[in-house]
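Source file: entry38.cif; contents: mmCIF, C-alpha atoms.
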```cif
data_protein
#
loop_
_atom_site.label_atom_id
_atom_site.label_comp_id
_atom_site.auth_asym_id
_atom_site.auth_seq_id
_atom_site.Cartn_x
_atom_site.Cartn_y
_atom_site.Cartn_z
CA MET A 1 41.28 -72.63 67.37
CA LYS A 2 38.20 -74.64 66.43
CA GLN A 3 36.33 -76.81 68.92
CA LEU A 4 36.68 -80.58 68.74
CA ASP A 5 33.63 -82.34 67.36
CA GLU A 6 32.03 -85.17 69.31
CA ARG A 7 33.47 -87.91 67.09
CA THR A 8 37.00 -86.66 67.74
CA ARG A 9 36.33 -86.35 71.47
CA GLN A 10 35.09 -89.92 71.50
CA MET A 11 38.16 -91.05 69.59
CA TYR A 12 40.44 -89.46 72.20
CA GLU A 13 38.47 -91.25 74.92
CA ASP A 14 38.74 -94.54 73.02
CA CYS A 15 42.50 -93.92 72.81
CA GLY A 16 42.78 -93.60 76.60
CA ILE A 17 42.46 -89.86 77.27
CA SER A 18 39.98 -88.96 80.01
CA PRO A 19 37.49 -86.12 79.47
CA GLN A 20 39.20 -84.11 82.23
CA VAL A 21 42.65 -84.33 80.63
CA LEU A 22 41.25 -83.56 77.18
CA ALA A 23 39.29 -80.55 78.46
CA LEU A 24 42.40 -79.10 80.10
CA GLY A 25 44.37 -79.65 76.89
CA GLU A 26 41.75 -77.88 74.77
CA GLU A 27 41.64 -74.99 77.23
CA VAL A 28 45.40 -74.54 76.92
CA LEU A 29 45.33 -74.84 73.13
CA ALA A 30 42.71 -72.11 72.80
CA GLU A 31 45.34 -69.58 73.91
CA LEU A 32 48.07 -70.73 71.49
CA SER A 33 46.63 -69.75 68.11
CA PRO A 34 48.83 -66.62 67.64
CA ARG A 35 52.02 -68.60 68.46
CA PHE A 36 51.04 -71.38 66.08
CA ALA A 37 50.29 -68.91 63.30
CA ARG A 38 53.81 -67.47 63.58
CA ILE A 39 55.31 -70.98 63.44
CA ASP A 40 53.35 -71.62 60.25
CA GLU A 41 54.76 -68.42 58.71
CA ILE A 42 58.33 -69.56 59.42
CA ALA A 43 57.59 -73.02 58.05
CA GLU A 44 56.21 -71.52 54.84
CA TYR A 45 59.37 -69.44 54.32
CA ASN A 46 61.64 -72.41 55.02
CA GLN A 47 59.61 -74.66 52.75
CA LEU A 48 60.17 -72.24 49.88
CA LYS A 49 63.87 -72.03 50.76
CA VAL A 50 64.28 -75.81 50.45
CA LEU A 51 62.17 -75.94 47.30
CA ALA A 52 64.21 -73.17 45.66
CA SER A 53 67.42 -75.08 46.38
CA MET A 54 66.04 -78.28 44.87
CA ARG A 55 64.85 -76.46 41.76
CA LYS A 56 68.17 -74.63 41.37
CA ASN A 57 70.06 -77.94 41.45
CA ARG A 58 67.66 -79.59 38.99
CA VAL A 59 66.78 -82.53 41.21
CA SER A 60 65.40 -85.33 39.05
CA GLU A 61 64.28 -88.93 39.32
CA THR A 62 67.74 -90.08 38.27
CA HIS A 63 69.09 -88.73 41.55
CA PHE A 64 67.10 -91.36 43.45
CA ALA A 65 69.07 -94.27 41.98
CA ALA A 66 71.08 -96.42 44.40
CA THR A 67 74.82 -96.99 44.20
CA THR A 68 76.87 -99.75 45.79
CA GLY A 69 80.50 -100.59 46.41
CA TYR A 70 82.76 -97.56 46.27
CA GLY A 71 79.89 -95.27 45.28
CA TYR A 72 81.87 -93.55 42.53
CA ASN A 73 79.89 -91.07 40.42
CA ASP A 74 76.86 -91.06 42.75
CA ASP A 75 75.21 -88.01 41.23
CA GLY A 76 72.23 -88.23 43.58
CA ARG A 77 74.46 -88.10 46.65
CA ASP A 78 76.53 -85.24 45.25
CA THR A 79 73.47 -83.21 44.21
CA LEU A 80 71.89 -83.69 47.63
CA GLU A 81 75.00 -82.13 49.16
CA LYS A 82 74.61 -79.15 46.85
CA VAL A 83 70.97 -78.83 47.96
CA TYR A 84 72.05 -78.74 51.61
CA ALA A 85 74.81 -76.23 50.91
CA ASP A 86 72.45 -73.92 49.03
CA THR A 87 69.68 -74.20 51.63
CA PHE A 88 72.05 -73.41 54.49
CA HIS A 89 74.01 -70.84 52.43
CA THR A 90 77.40 -72.54 52.76
CA GLU A 91 80.24 -73.24 50.35
CA ASP A 92 80.02 -77.00 50.72
CA ALA A 93 78.25 -79.85 52.49
CA LEU A 94 78.85 -83.47 53.46
CA VAL A 95 75.58 -85.43 53.82
CA ARG A 96 76.16 -89.13 54.31
CA SER A 97 74.45 -92.25 55.63
CA GLN A 98 77.91 -93.34 56.80
CA ILE A 99 77.72 -90.64 59.50
CA THR A 100 75.96 -92.72 62.14
CA CYS A 101 74.51 -90.04 64.44
CA GLY A 102 74.82 -86.45 65.63
CA THR A 103 77.67 -87.27 68.03
CA HIS A 104 79.56 -88.96 65.19
CA ALA A 105 79.05 -85.91 62.96
CA LEU A 106 80.37 -83.61 65.69
CA ASN A 107 83.35 -85.85 66.39
CA LEU A 108 84.07 -85.97 62.67
CA ALA A 109 83.99 -82.17 62.36
CA LEU A 110 86.19 -81.70 65.43
CA SER A 111 88.76 -84.44 64.91
CA SER A 112 89.26 -83.59 61.23
CA ASN A 113 89.88 -79.89 61.82
CA LEU A 114 92.04 -80.14 64.95
CA ARG A 115 95.62 -81.35 65.23
CA PRO A 116 97.82 -82.40 68.16
CA GLY A 117 98.74 -79.32 70.16
CA ASP A 118 95.56 -77.44 69.24
CA GLU A 119 93.01 -76.38 71.82
CA LEU A 120 89.23 -76.67 71.62
CA LEU A 121 87.15 -73.97 73.32
CA SER A 122 83.53 -74.15 74.41
CA PRO A 123 82.36 -70.60 75.20
CA VAL A 124 78.88 -71.83 76.17
CA GLY A 125 79.74 -74.13 79.06
CA ARG A 126 79.78 -77.90 79.32
CA PRO A 127 78.72 -79.73 76.15
CA TYR A 128 76.11 -82.45 75.74
CA ASP A 129 76.83 -85.66 77.67
CA THR A 130 77.91 -87.78 74.69
CA LEU A 131 80.57 -85.22 73.70
CA GLU A 132 82.30 -85.52 77.05
CA GLU A 133 83.98 -88.77 75.98
CA VAL A 134 84.70 -87.41 72.50
CA ILE A 135 86.60 -84.48 74.03
CA GLY A 136 88.10 -86.41 76.94
CA ILE A 137 86.30 -84.62 79.77
CA ARG A 138 85.42 -88.18 80.75
CA GLU A 139 88.27 -90.54 79.94
CA SER A 140 87.58 -92.63 76.85
CA MET A 141 89.58 -94.56 74.30
CA GLY A 142 90.19 -92.50 71.16
CA SER A 143 89.22 -89.12 72.64
CA LEU A 144 90.61 -85.83 71.39
CA LYS A 145 92.58 -85.66 74.63
CA GLU A 146 94.40 -88.88 73.72
CA TYR A 147 95.50 -87.20 70.49
CA GLY A 148 97.03 -84.25 72.32
CA ILE A 149 94.13 -81.82 71.81
CA SER A 150 93.38 -79.82 74.94
CA TYR A 151 90.04 -78.41 76.00
CA ARG A 152 88.87 -75.33 77.80
CA GLN A 153 85.39 -74.03 78.55
CA VAL A 154 83.84 -70.81 79.74
CA ASP A 155 80.51 -71.19 81.50
CA LEU A 156 77.56 -68.97 80.74
CA LEU A 157 76.73 -66.28 83.28
CA PRO A 158 73.91 -67.00 85.75
CA ASP A 159 71.40 -65.19 83.52
CA GLY A 160 72.38 -67.38 80.54
CA SER A 161 74.37 -64.68 78.72
CA PHE A 162 77.92 -65.03 77.42
CA ASP A 163 80.85 -64.31 79.72
CA TYR A 164 82.69 -62.21 77.14
CA GLU A 165 85.43 -61.10 79.54
CA ASN A 166 86.50 -64.66 80.37
CA ILE A 167 85.98 -65.88 76.81
CA ALA A 168 88.55 -63.33 75.64
CA LYS A 169 90.97 -64.48 78.35
CA ALA A 170 90.46 -68.14 77.38
CA ILE A 171 91.54 -67.65 73.76
CA THR A 172 95.24 -68.39 73.33
CA PRO A 173 97.54 -68.93 70.32
CA ARG A 174 96.70 -72.65 70.60
CA THR A 175 92.93 -72.10 70.37
CA LYS A 176 92.00 -73.50 66.96
CA LEU A 177 88.26 -74.18 67.11
CA ALA A 178 85.27 -73.00 69.14
CA THR A 179 82.32 -75.35 69.55
CA ILE A 180 78.95 -73.71 70.15
CA GLN A 181 76.04 -75.91 71.21
CA ARG A 182 72.80 -74.35 70.04
CA SER A 183 70.41 -76.53 72.04
CA LYS A 184 70.42 -77.07 75.78
CA GLY A 185 71.16 -80.81 75.97
CA TYR A 186 70.57 -82.23 79.45
CA ALA A 187 70.90 -78.78 81.01
CA SER A 188 68.54 -76.01 82.08
CA ARG A 189 70.32 -73.22 80.24
CA PRO A 190 68.46 -71.38 77.47
CA THR A 191 68.74 -72.58 73.89
CA LEU A 192 70.66 -70.04 71.83
CA SER A 193 68.98 -68.08 69.07
CA VAL A 194 70.68 -67.63 65.70
CA GLU A 195 71.07 -63.95 66.53
CA GLN A 196 72.85 -64.73 69.82
CA ILE A 197 75.11 -67.20 68.06
CA GLY A 198 75.96 -64.53 65.49
CA GLU A 199 76.94 -62.06 68.21
CA LEU A 200 79.15 -64.67 69.88
CA ILE A 201 80.85 -65.63 66.60
CA ALA A 202 81.52 -61.97 65.80
CA PHE A 203 83.18 -61.55 69.20
CA LEU A 204 85.25 -64.73 68.79
CA LYS A 205 86.41 -63.67 65.32
CA LYS A 206 87.33 -60.23 66.64
CA CYS A 207 89.50 -61.88 69.28
CA LYS A 208 91.05 -64.32 66.78
CA PRO A 209 90.09 -63.92 63.10
CA ASP A 210 91.30 -67.38 62.02
CA LEU A 211 89.35 -69.22 64.75
CA ILE A 212 87.08 -71.93 63.34
CA CYS A 213 83.55 -71.59 64.76
CA MET A 214 81.50 -74.79 64.69
CA VAL A 215 77.85 -74.90 65.74
CA ASP A 216 76.14 -78.05 66.98
CA ASN A 217 72.88 -77.37 65.15
CA CYS A 218 70.98 -80.43 66.40
CA TYR A 219 67.27 -79.80 67.11
CA GLY A 220 67.46 -76.23 65.79
CA GLU A 221 67.22 -76.57 62.01
CA PHE A 222 64.25 -74.72 60.45
CA VAL A 223 62.97 -73.32 63.76
CA GLN A 224 63.99 -69.85 62.56
CA THR A 225 64.28 -68.47 59.03
CA LYS A 226 68.06 -68.18 59.46
CA GLU A 227 70.65 -70.78 60.42
CA PRO A 228 73.99 -70.24 62.21
CA SER A 229 75.71 -70.48 58.83
CA ASP A 230 73.96 -67.22 57.92
CA VAL A 231 75.68 -65.40 60.79
CA GLY A 232 79.29 -66.47 60.43
CA ALA A 233 79.56 -70.12 61.50
CA ASP A 234 82.35 -71.93 59.65
CA MET A 235 80.56 -75.26 60.15
CA ILE A 236 77.08 -76.33 61.19
CA VAL A 237 76.64 -79.96 62.16
CA GLY A 238 73.62 -82.16 62.75
CA SER A 239 71.83 -85.50 62.50
CA LEU A 240 69.43 -86.62 59.78
CA ILE A 241 67.24 -88.48 62.29
CA LYS A 242 66.45 -85.12 63.84
CA ASN A 243 64.94 -82.07 62.09
CA PRO A 244 66.49 -82.17 58.58
CA GLY A 245 65.59 -85.81 57.92
CA GLY A 246 61.89 -84.99 58.19
CA GLY A 247 61.18 -88.35 59.84
CA LEU A 248 62.03 -90.23 56.64
CA ALA A 249 65.84 -90.41 56.66
CA PRO A 250 66.77 -93.85 58.06
CA ALA A 251 70.21 -92.72 59.30
CA GLY A 252 72.90 -90.17 58.58
CA GLY A 253 74.38 -86.82 59.47
CA TYR A 254 75.57 -83.62 57.82
CA ILE A 255 78.36 -81.07 58.00
CA CYS A 256 77.83 -77.81 56.08
CA GLY A 257 80.30 -74.95 55.94
CA ARG A 258 83.53 -73.63 54.50
CA ARG A 259 84.91 -75.82 51.74
CA THR A 260 88.23 -76.44 53.48
CA CYS A 261 86.53 -77.52 56.73
CA VAL A 262 84.09 -79.84 54.94
CA GLU A 263 86.86 -81.39 52.84
CA GLN A 264 88.85 -82.12 56.00
CA ALA A 265 85.79 -83.93 57.38
CA ALA A 266 85.30 -85.92 54.17
CA ARG A 267 88.88 -87.17 54.28
CA ARG A 268 88.51 -88.20 57.92
CA LEU A 269 85.19 -89.94 57.22
CA THR A 270 86.69 -92.05 54.44
CA SER A 271 90.42 -91.75 53.82
CA PRO A 272 93.07 -89.26 52.73
CA GLY A 273 93.21 -89.39 48.96
CA LEU A 274 89.62 -90.62 48.70
CA GLY A 275 87.56 -88.02 50.55
CA ARG A 276 84.04 -87.46 49.29
CA GLU A 277 84.49 -89.49 46.08
CA VAL A 278 83.54 -92.73 47.86
CA GLY A 279 80.55 -93.69 49.99
CA ALA A 280 77.71 -95.53 48.28
CA SER A 281 74.21 -94.20 48.93
CA LEU A 282 72.76 -97.76 49.08
CA GLY A 283 69.26 -96.59 48.14
CA THR A 284 68.89 -93.92 50.82
CA ASN A 285 68.69 -90.96 48.41
CA PRO A 286 64.88 -90.87 47.97
CA ALA A 287 64.32 -90.75 51.75
CA PHE A 288 67.06 -88.13 52.18
CA TYR A 289 65.59 -85.85 49.51
CA GLN A 290 61.96 -86.28 50.53
CA GLY A 291 62.74 -86.00 54.24
CA PHE A 292 64.63 -82.74 53.69
CA PHE A 293 61.74 -81.43 51.60
CA LEU A 294 59.28 -82.20 54.41
CA ALA A 295 61.58 -81.01 57.20
CA PRO A 296 60.25 -77.43 57.55
CA THR A 297 56.66 -78.55 58.16
CA VAL A 298 57.64 -81.54 60.29
CA THR A 299 59.80 -79.26 62.44
CA ALA A 300 56.89 -76.82 62.77
CA GLY A 301 54.65 -79.60 64.09
CA ALA A 302 57.28 -80.65 66.62
CA GLU A 303 57.70 -77.04 67.74
CA LYS A 304 53.96 -76.69 68.29
CA GLY A 305 54.10 -79.84 70.39
CA ALA A 306 56.89 -78.40 72.53
CA ILE A 307 54.94 -75.18 73.13
CA PHE A 308 51.81 -77.12 73.99
CA ALA A 309 53.74 -79.26 76.49
CA ALA A 310 55.29 -76.18 78.11
CA SER A 311 51.93 -74.43 78.40
CA LEU A 312 50.11 -77.47 79.77
CA TYR A 313 52.66 -78.46 82.38
CA GLU A 314 53.41 -74.89 83.44
CA ARG A 315 49.71 -74.42 84.14
CA LEU A 316 49.88 -77.49 86.39
CA GLY A 317 52.67 -75.91 88.45
CA PHE A 318 55.72 -77.66 87.00
CA SER A 319 58.96 -75.83 86.24
CA VAL A 320 59.50 -75.89 82.46
CA HIS A 321 62.44 -74.78 80.30
CA PRO A 322 61.85 -72.76 78.25
CA SER A 323 58.76 -71.28 79.83
CA ALA A 324 55.54 -71.31 77.85
CA ALA A 325 55.82 -67.66 76.78
CA THR A 326 59.55 -67.66 76.01
CA PRO A 327 60.63 -67.42 72.34
CA ARG A 328 61.71 -70.86 71.15
CA TYR A 329 64.85 -71.76 69.20
CA ASP A 330 64.74 -75.56 69.12
CA ILE A 331 62.16 -78.34 69.39
CA ILE A 332 63.11 -79.58 72.87
CA GLN A 333 60.96 -79.00 75.93
CA ALA A 334 62.37 -79.69 79.39
CA ILE A 335 59.99 -80.32 82.29
CA ASN A 336 61.16 -80.81 85.88
CA LEU A 337 58.98 -83.62 87.22
CA ASP A 338 60.61 -83.70 90.68
CA THR A 339 60.39 -87.47 91.30
CA PRO A 340 61.64 -90.58 89.47
CA GLU A 341 58.11 -91.99 89.54
CA ARG A 342 56.73 -89.04 87.57
CA LEU A 343 59.61 -89.21 85.11
CA LYS A 344 58.82 -92.87 84.47
CA ALA A 345 55.08 -92.17 84.17
CA PHE A 346 55.65 -89.37 81.66
CA CYS A 347 57.86 -91.60 79.50
CA LEU A 348 55.31 -94.41 79.76
CA GLY A 349 52.72 -92.01 78.36
CA ILE A 350 54.89 -91.08 75.40
CA GLN A 351 55.66 -94.73 74.72
CA SER A 352 51.96 -95.65 74.97
CA ALA A 353 51.16 -92.98 72.37
CA ALA A 354 53.66 -94.37 69.84
CA PRO A 355 52.66 -96.07 66.59
CA VAL A 356 55.46 -98.62 67.14
CA ASP A 357 56.02 -100.59 70.38
CA SER A 358 53.17 -98.82 72.18
CA TYR A 359 52.81 -101.84 74.48
CA VAL A 360 56.39 -101.57 75.79
CA THR A 361 57.23 -100.16 79.24
CA PRO A 362 60.39 -98.02 79.11
CA GLU A 363 62.93 -98.69 81.87
CA PRO A 364 66.07 -96.77 82.91
CA TRP A 365 69.36 -98.24 81.68
CA ALA A 366 73.07 -97.48 81.45
CA MET A 367 73.00 -95.99 77.96
CA PRO A 368 76.37 -95.73 76.13
CA GLY A 369 77.87 -92.23 76.33
CA TYR A 370 75.93 -91.12 79.43
CA ASP A 371 77.10 -90.88 83.03
CA ASP A 372 73.70 -91.54 84.66
CA GLU A 373 71.06 -94.11 83.89
CA VAL A 374 68.68 -92.76 81.24
CA ILE A 375 65.04 -93.59 80.61
CA MET A 376 63.98 -93.20 77.01
CA ALA A 377 60.59 -93.47 75.33
CA ALA A 378 60.61 -93.71 71.54
CA GLY A 379 58.27 -95.93 69.61
CA ALA A 380 59.69 -94.77 66.31
CA PHE A 381 59.75 -95.95 62.70
CA VAL A 382 63.47 -95.10 62.71
CA GLN A 383 65.32 -96.36 65.77
CA GLY A 384 66.32 -93.48 68.04
CA SER A 385 64.81 -90.81 65.80
CA SER A 386 64.21 -87.74 67.92
CA ILE A 387 62.22 -85.86 65.30
CA GLU A 388 59.64 -88.57 65.96
CA LEU A 389 57.68 -88.41 69.21
CA SER A 390 60.12 -89.17 72.01
CA ALA A 391 61.10 -88.30 75.55
CA ASP A 392 64.08 -89.09 77.68
CA GLY A 393 65.88 -87.99 80.79
CA PRO A 394 68.67 -88.96 83.17
CA LEU A 395 67.67 -90.37 86.54
CA ARG A 396 69.04 -87.54 88.62
CA PRO A 397 67.34 -84.65 90.43
CA PRO A 398 65.28 -82.67 89.51
CA TYR A 399 64.20 -85.60 87.31
CA THR A 400 63.87 -83.55 84.17
CA VAL A 401 62.25 -85.05 81.11
CA PHE A 402 63.28 -83.78 77.68
CA PHE A 403 60.39 -84.05 75.28
CA GLN A 404 60.72 -83.55 71.54
CA GLY A 405 59.41 -84.49 68.14
CA GLY A 406 56.24 -85.65 66.49
CA ILE A 407 56.18 -86.15 62.73
CA THR A 408 52.72 -84.57 62.81
CA TRP A 409 51.37 -81.97 65.22
CA TYR A 410 48.36 -84.15 66.00
CA HIS A 411 50.56 -87.02 67.11
CA ALA A 412 52.60 -84.66 69.30
CA LYS A 413 49.37 -83.38 70.86
CA TYR A 414 48.14 -86.89 71.62
CA GLY A 415 51.50 -87.89 73.10
CA ILE A 416 51.51 -84.91 75.47
CA LEU A 417 47.95 -85.62 76.58
CA MET A 418 48.86 -89.27 77.16
CA SER A 419 51.91 -88.27 79.22
CA LEU A 420 49.62 -86.29 81.52
CA GLN A 421 47.08 -89.11 81.57
CA LYS A 422 49.72 -91.54 82.87
CA LEU A 423 50.68 -89.06 85.60
CA VAL A 424 47.02 -88.78 86.58
CA ASP A 425 46.68 -92.58 86.54
CA ALA A 426 49.69 -92.75 88.90
CA GLY A 427 48.01 -90.41 91.39
CA PHE A 428 48.74 -86.87 90.22
CA LYS A 429 45.80 -84.55 90.95
CA LEU A 430 44.63 -82.13 88.29
#
```
What is this structure when it is put down as structure tokens?
Amino acid sequence: MKQLDERTRQMYEDCGISPQVLALGEEVLAELSPRFARIDEIAEYNQLKVLASMRKNRVSETHFAATTGYGYNDDGRDTLEKVYADTFHTEDALVRSQITCGTHALNLALSSNLRPGDELLSPVGRPYDTLEEVIGIRESMGSLKEYGISYRQVDLLPDGSFDYENIAKAITPRTKLATIQRSKGYASRPTLSVEQIGELIAFLKKCKPDLICMVDNCYGEFVQTKEPSDVGADMIVGSLIKNPGGGLAPAGGYICGRRTCVEQAARRLTSPGLGREVGASLGTNPAFYQGFFLAPTVTAGAEKGAIFAASLYERLGFSVHPSAATPRYDIIQAINLDTPERLKAFCLGIQSAAPVDSYVTPEPWAMPGYDDEVIMAAGAFVQGSSIELSADGPLRPPYTVFFQGGITWYHAKYGILMSLQKLVDAGFKL
């Protein structure tokens, strides 16, 4: 990796990074060139995969036109869904701005494919915090539990592997759908690779061939050359303000998978009898197309940022998940900061590095869908976009911060350096 020139060093100093912090960062980066080269290889493959899908579906300027009202005959919207389906190698896709977030997309996929009396199984332990109210683990109005859908989970083994023996015992005639969370959420367990997910799905299908396997794909898209849909997932689900939106999508979510599963979701999103035929694009198509086109390289930059953060903070003695040398399957980096003061300082650094609202001081608050107060730093062009530079964490021991994003690698790098700078300013000794 090339040395910084003096003008760039001075610019970092002008932007608030001390020579000591910058020198440590450059020392860490010098060892990461082979990892970064491999990330670039994956990004190149995925870029061609997206491009091939767009060419196959003859994307044209006419597909960028806006529709209003019912959104009948929105060819741009319908073609975009074909692009997603072809990229992720699925029969069908639902890609809509009316899907408000990743949790909404997951709820839509679950509630549309489950019926009263069915049981939902999580073979990978407790799901992400916001799904607890969707399922009814925490009581909430409108949960799956209220509709007579039961839930069962099998925790991962202490080494992070699947508990196949108890998974087999947990599957009953009522088990209709298995939900598999690819990323770690607010947990310290490993993120699952596509290969691991494929092994789990094969086992589940062997136990019950008609079991629907849904993968929460958030934060994992384009990190590998394959997606869970390539290894047997009936549905993959995610948010457009994470990886696949490329930082340009202003809202939205997707569900890709088997045609019958996706059609069920479309009818729940709108109405029986209407399904996917309605839902105006309201001028979002250009950002959806261009964001998806950029997504492989944007994701690569965010992944480099995560590896840099892991390497830097591990060198300083912090516990990080995954570790710096561990293969990576999503863009999230967890760092145990041990005290609430360090958690707040880290988030202040990320906020200070933002292009939007850099002057704001993030404070913990009772965020909807979470059991603990959460501190969140995100000076983003799109509100809440976690493919943009962001960090957040619940105020509970061991005061873990979850860092992710960066539309460009250089912004991710600066944000990580600034997070350390704020720790140093608060008294942490290098």
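Considering the residues A:Leu204, A:Ile375, A:Val124, A:Ala280 and counting all atoms listed in the file, Tyr399 in chain A has its shortest atom-to-atom contact with A:Ile375.
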Check your understanding: Of the candidates A:Tyr164, A:Tyr72, A:Phe292, A:Phe428, which one gets nearest to Val278 in chain A if we count only C-alpha atoms?
Key -> A:Tyr72
Exercise for review: Please identify all polymer residues within 8 Å of Asp118 in chain A, counting only C-alpha atoms, omitting same-chain residues fewer than 2 positions from it, and present them as a list in words.
Suggested key: Leu114, Arg115, Pro116, Leu120, Gly148, Ile149, Ser150, Arg174, Thr175 and Lys176 of chain A
Only C-alpha atoms, please: the residues just picked out, written as a CSV table (one decimal), keeping the file's coordinate frame.
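What ended up in part.csv:
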```csv
chain,number,residue,atom,x,y,z
A,114,LEU,CA,92.0,-80.1,65.0
A,115,ARG,CA,95.6,-81.4,65.2
A,116,PRO,CA,97.8,-82.4,68.2
A,120,LEU,CA,89.2,-76.7,71.6
A,148,GLY,CA,97.0,-84.2,72.3
A,149,ILE,CA,94.1,-81.8,71.8
A,150,SER,CA,93.4,-79.8,74.9
A,174,ARG,CA,96.7,-72.6,70.6
A,175,THR,CA,92.9,-72.1,70.4
A,176,LYS,CA,92.0,-73.5,67.0
```
**Study point:** d(CA of Tyr254 in chain A, CA of Val59 in chain A) in Å
**Key:**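 It comes out at 18.8 Å.
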Once you count all atoms listed in the file, what closest atom pair and distance in Å to one decimal does each residue of range 233-259 of chain A within 12 Å of range 177-189 of chain A have, with rows by chain and rising residue number, as a tab-separated table?
```
residue	atom	partner	partner_atom	distance
A:Ala233	CA	A:Ile180	CA	9.4
A:Asp234	CA	A:Leu177	CA	9.8
A:Met235	CA	A:Thr179	CA	9.6
A:Ile236	CA	A:Ile180	CA	9.5
A:Val237	CA	A:Gln181	CA	9.9
A:Gly238	CA	A:Arg182	CA	10.7
```
Point to revise | Residues within 12 Å of range 41-50 of chain A, all atoms listed in the file, excluding chain neighbours under 2 positions, as a ChimeraX atom specification | key: /A:34-39,52-57,59,80,82-89,221-227,244,246,289-304,329
Study note, to complete from the structure: Counting only C-alpha atoms, the residue among A:Asp371, A:Glu388, A:Asp338, A:Asp330 that lies closest to Ile241 in chain A is A:Glu388
**Study point:** Distance in Å - CA of Thr339 in chain A versus CA of Leu395 in chain A
**Key:** 9.2 Å
Point to revise | Top pick for closest residue to Ala412 in chain A, considering A:Tyr219, A:Gly253, A:Leu51, A:Ala306 and counting only C-alpha atoms | key: A:Ala306
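CA of Leu348 in chain A is positioned 14.8 Å from CA of Pro394 in chain A.
With only C-alpha atoms as the atoms that count, the residue of A:Glu132, A:Val356, A:Gln333, A:Glu91 with the shortest distance to Asp230 in chain A is A:Glu91.
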Review point. When distances are computed from all atoms listed in the file, which of A:Lys145, A:His321, A:Lys413, A:Arg152 shows the smallest separation from Arg126 in chain A?
Key: A:Arg152
Practice item. Evaluate the PyMOL selection byres ((chain A and resi 402) around 7) here and jot the selected residues down as JSON, numbers by chain. Key: {"A": [332, 333, 334, 335, 391, 392, 393, 400, 401, 403, 404]}
So for range 305-312 of chain A, what box centre and size do we get, axis-aligned, 3 Å extra on each of the six sides, every listed atom, Å to one decimal, as lines of an AutoDock Vina configuration file?
```
center_x = 53.5
center_y = -77.1
center_z = 75.1
size_x = 12.8
size_y = 11.4
size_z = 15.4
```
Point to revise | Residues matched by the PyMOL selection byres ((chain A and resi 308) around 12), written as a count of residues only | key: 44
Exercise for review: Find the spatial neighbours of Pro286 in chain A, counting all atoms listed in the file, within a cut-off of 10 Å - ignore same-chain residues fewer than 3 positions away - and output them as a list in words.
Suggested key: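 Residues meeting the cut-off are Glu61, His63, Phe64, Ala65, Ala66, Gly76, Leu248, Ala249, Ser281, Gly283, Tyr289, Gln290, Gly291 and Phe292 of chain A.
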Writing C-alpha atoms and nothing else, produce range 133-168 of chain A as an mmCIF file, in the first residue's frame.
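Dumped to result.cif:
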```
data_model
loop_
_atom_site.group_PDB
_atom_site.id
_atom_site.type_symbol
_atom_site.label_atom_id
_atom_site.label_comp_id
_atom_site.auth_asym_id
_atom_site.auth_seq_id
_atom_site.Cartn_x
_atom_site.Cartn_y
_atom_site.Cartn_z
ATOM 1 C CA GLU A 133 -41.819 -7.930 18.602
ATOM 2 C CA VAL A 134 -42.639 -9.156 15.101
ATOM 3 C CA ILE A 135 -42.532 -12.760 16.324
ATOM 4 C CA GLY A 136 -44.010 -12.091 19.757
ATOM 5 C CA ILE A 137 -40.958 -13.005 21.842
ATOM 6 C CA ARG A 138 -41.625 -9.585 23.345
ATOM 7 C CA GLU A 139 -45.346 -8.871 23.490
ATOM 8 C CA SER A 140 -46.463 -6.456 20.798
ATOM 9 C CA MET A 141 -49.679 -5.549 19.044
ATOM 10 C CA GLY A 142 -50.003 -7.352 15.707
ATOM 11 C CA SER A 143 -47.256 -9.924 16.322
ATOM 12 C CA LEU A 144 -47.218 -13.349 14.700
ATOM 13 C CA LYS A 145 -48.033 -14.756 18.135
ATOM 14 C CA GLU A 146 -51.299 -12.792 18.184
ATOM 15 C CA TYR A 147 -52.236 -14.505 14.921
ATOM 16 C CA GLY A 148 -51.734 -17.972 16.368
ATOM 17 C CA ILE A 149 -48.265 -18.590 14.915
ATOM 18 C CA SER A 150 -45.942 -20.228 17.432
ATOM 19 C CA TYR A 151 -42.182 -19.894 17.616
ATOM 20 C CA ARG A 152 -39.328 -22.139 18.560
ATOM 21 C CA GLN A 153 -35.576 -21.601 18.455
ATOM 22 C CA VAL A 154 -32.473 -23.724 18.718
ATOM 23 C CA ASP A 155 -29.387 -21.909 19.939
ATOM 24 C CA LEU A 156 -26.025 -22.294 18.276
ATOM 25 C CA LEU A 157 -23.462 -24.440 20.066
ATOM 26 C CA PRO A 158 -20.789 -22.643 22.125
ATOM 27 C CA ASP A 159 -18.351 -22.764 19.193
ATOM 28 C CA GLY A 160 -20.913 -21.093 16.910
ATOM 29 C CA SER A 161 -21.803 -24.253 14.953
ATOM 30 C CA PHE A 162 -25.304 -25.583 14.359
ATOM 31 C CA ASP A 163 -26.916 -27.869 16.929
ATOM 32 C CA TYR A 164 -28.137 -30.367 14.342
ATOM 33 C CA GLU A 165 -29.380 -32.884 16.904
ATOM 34 C CA ASN A 166 -31.747 -30.413 18.575
ATOM 35 C CA ILE A 167 -32.722 -28.788 15.282
ATOM 36 C CA ALA A 168 -34.011 -32.162 14.084
#
```
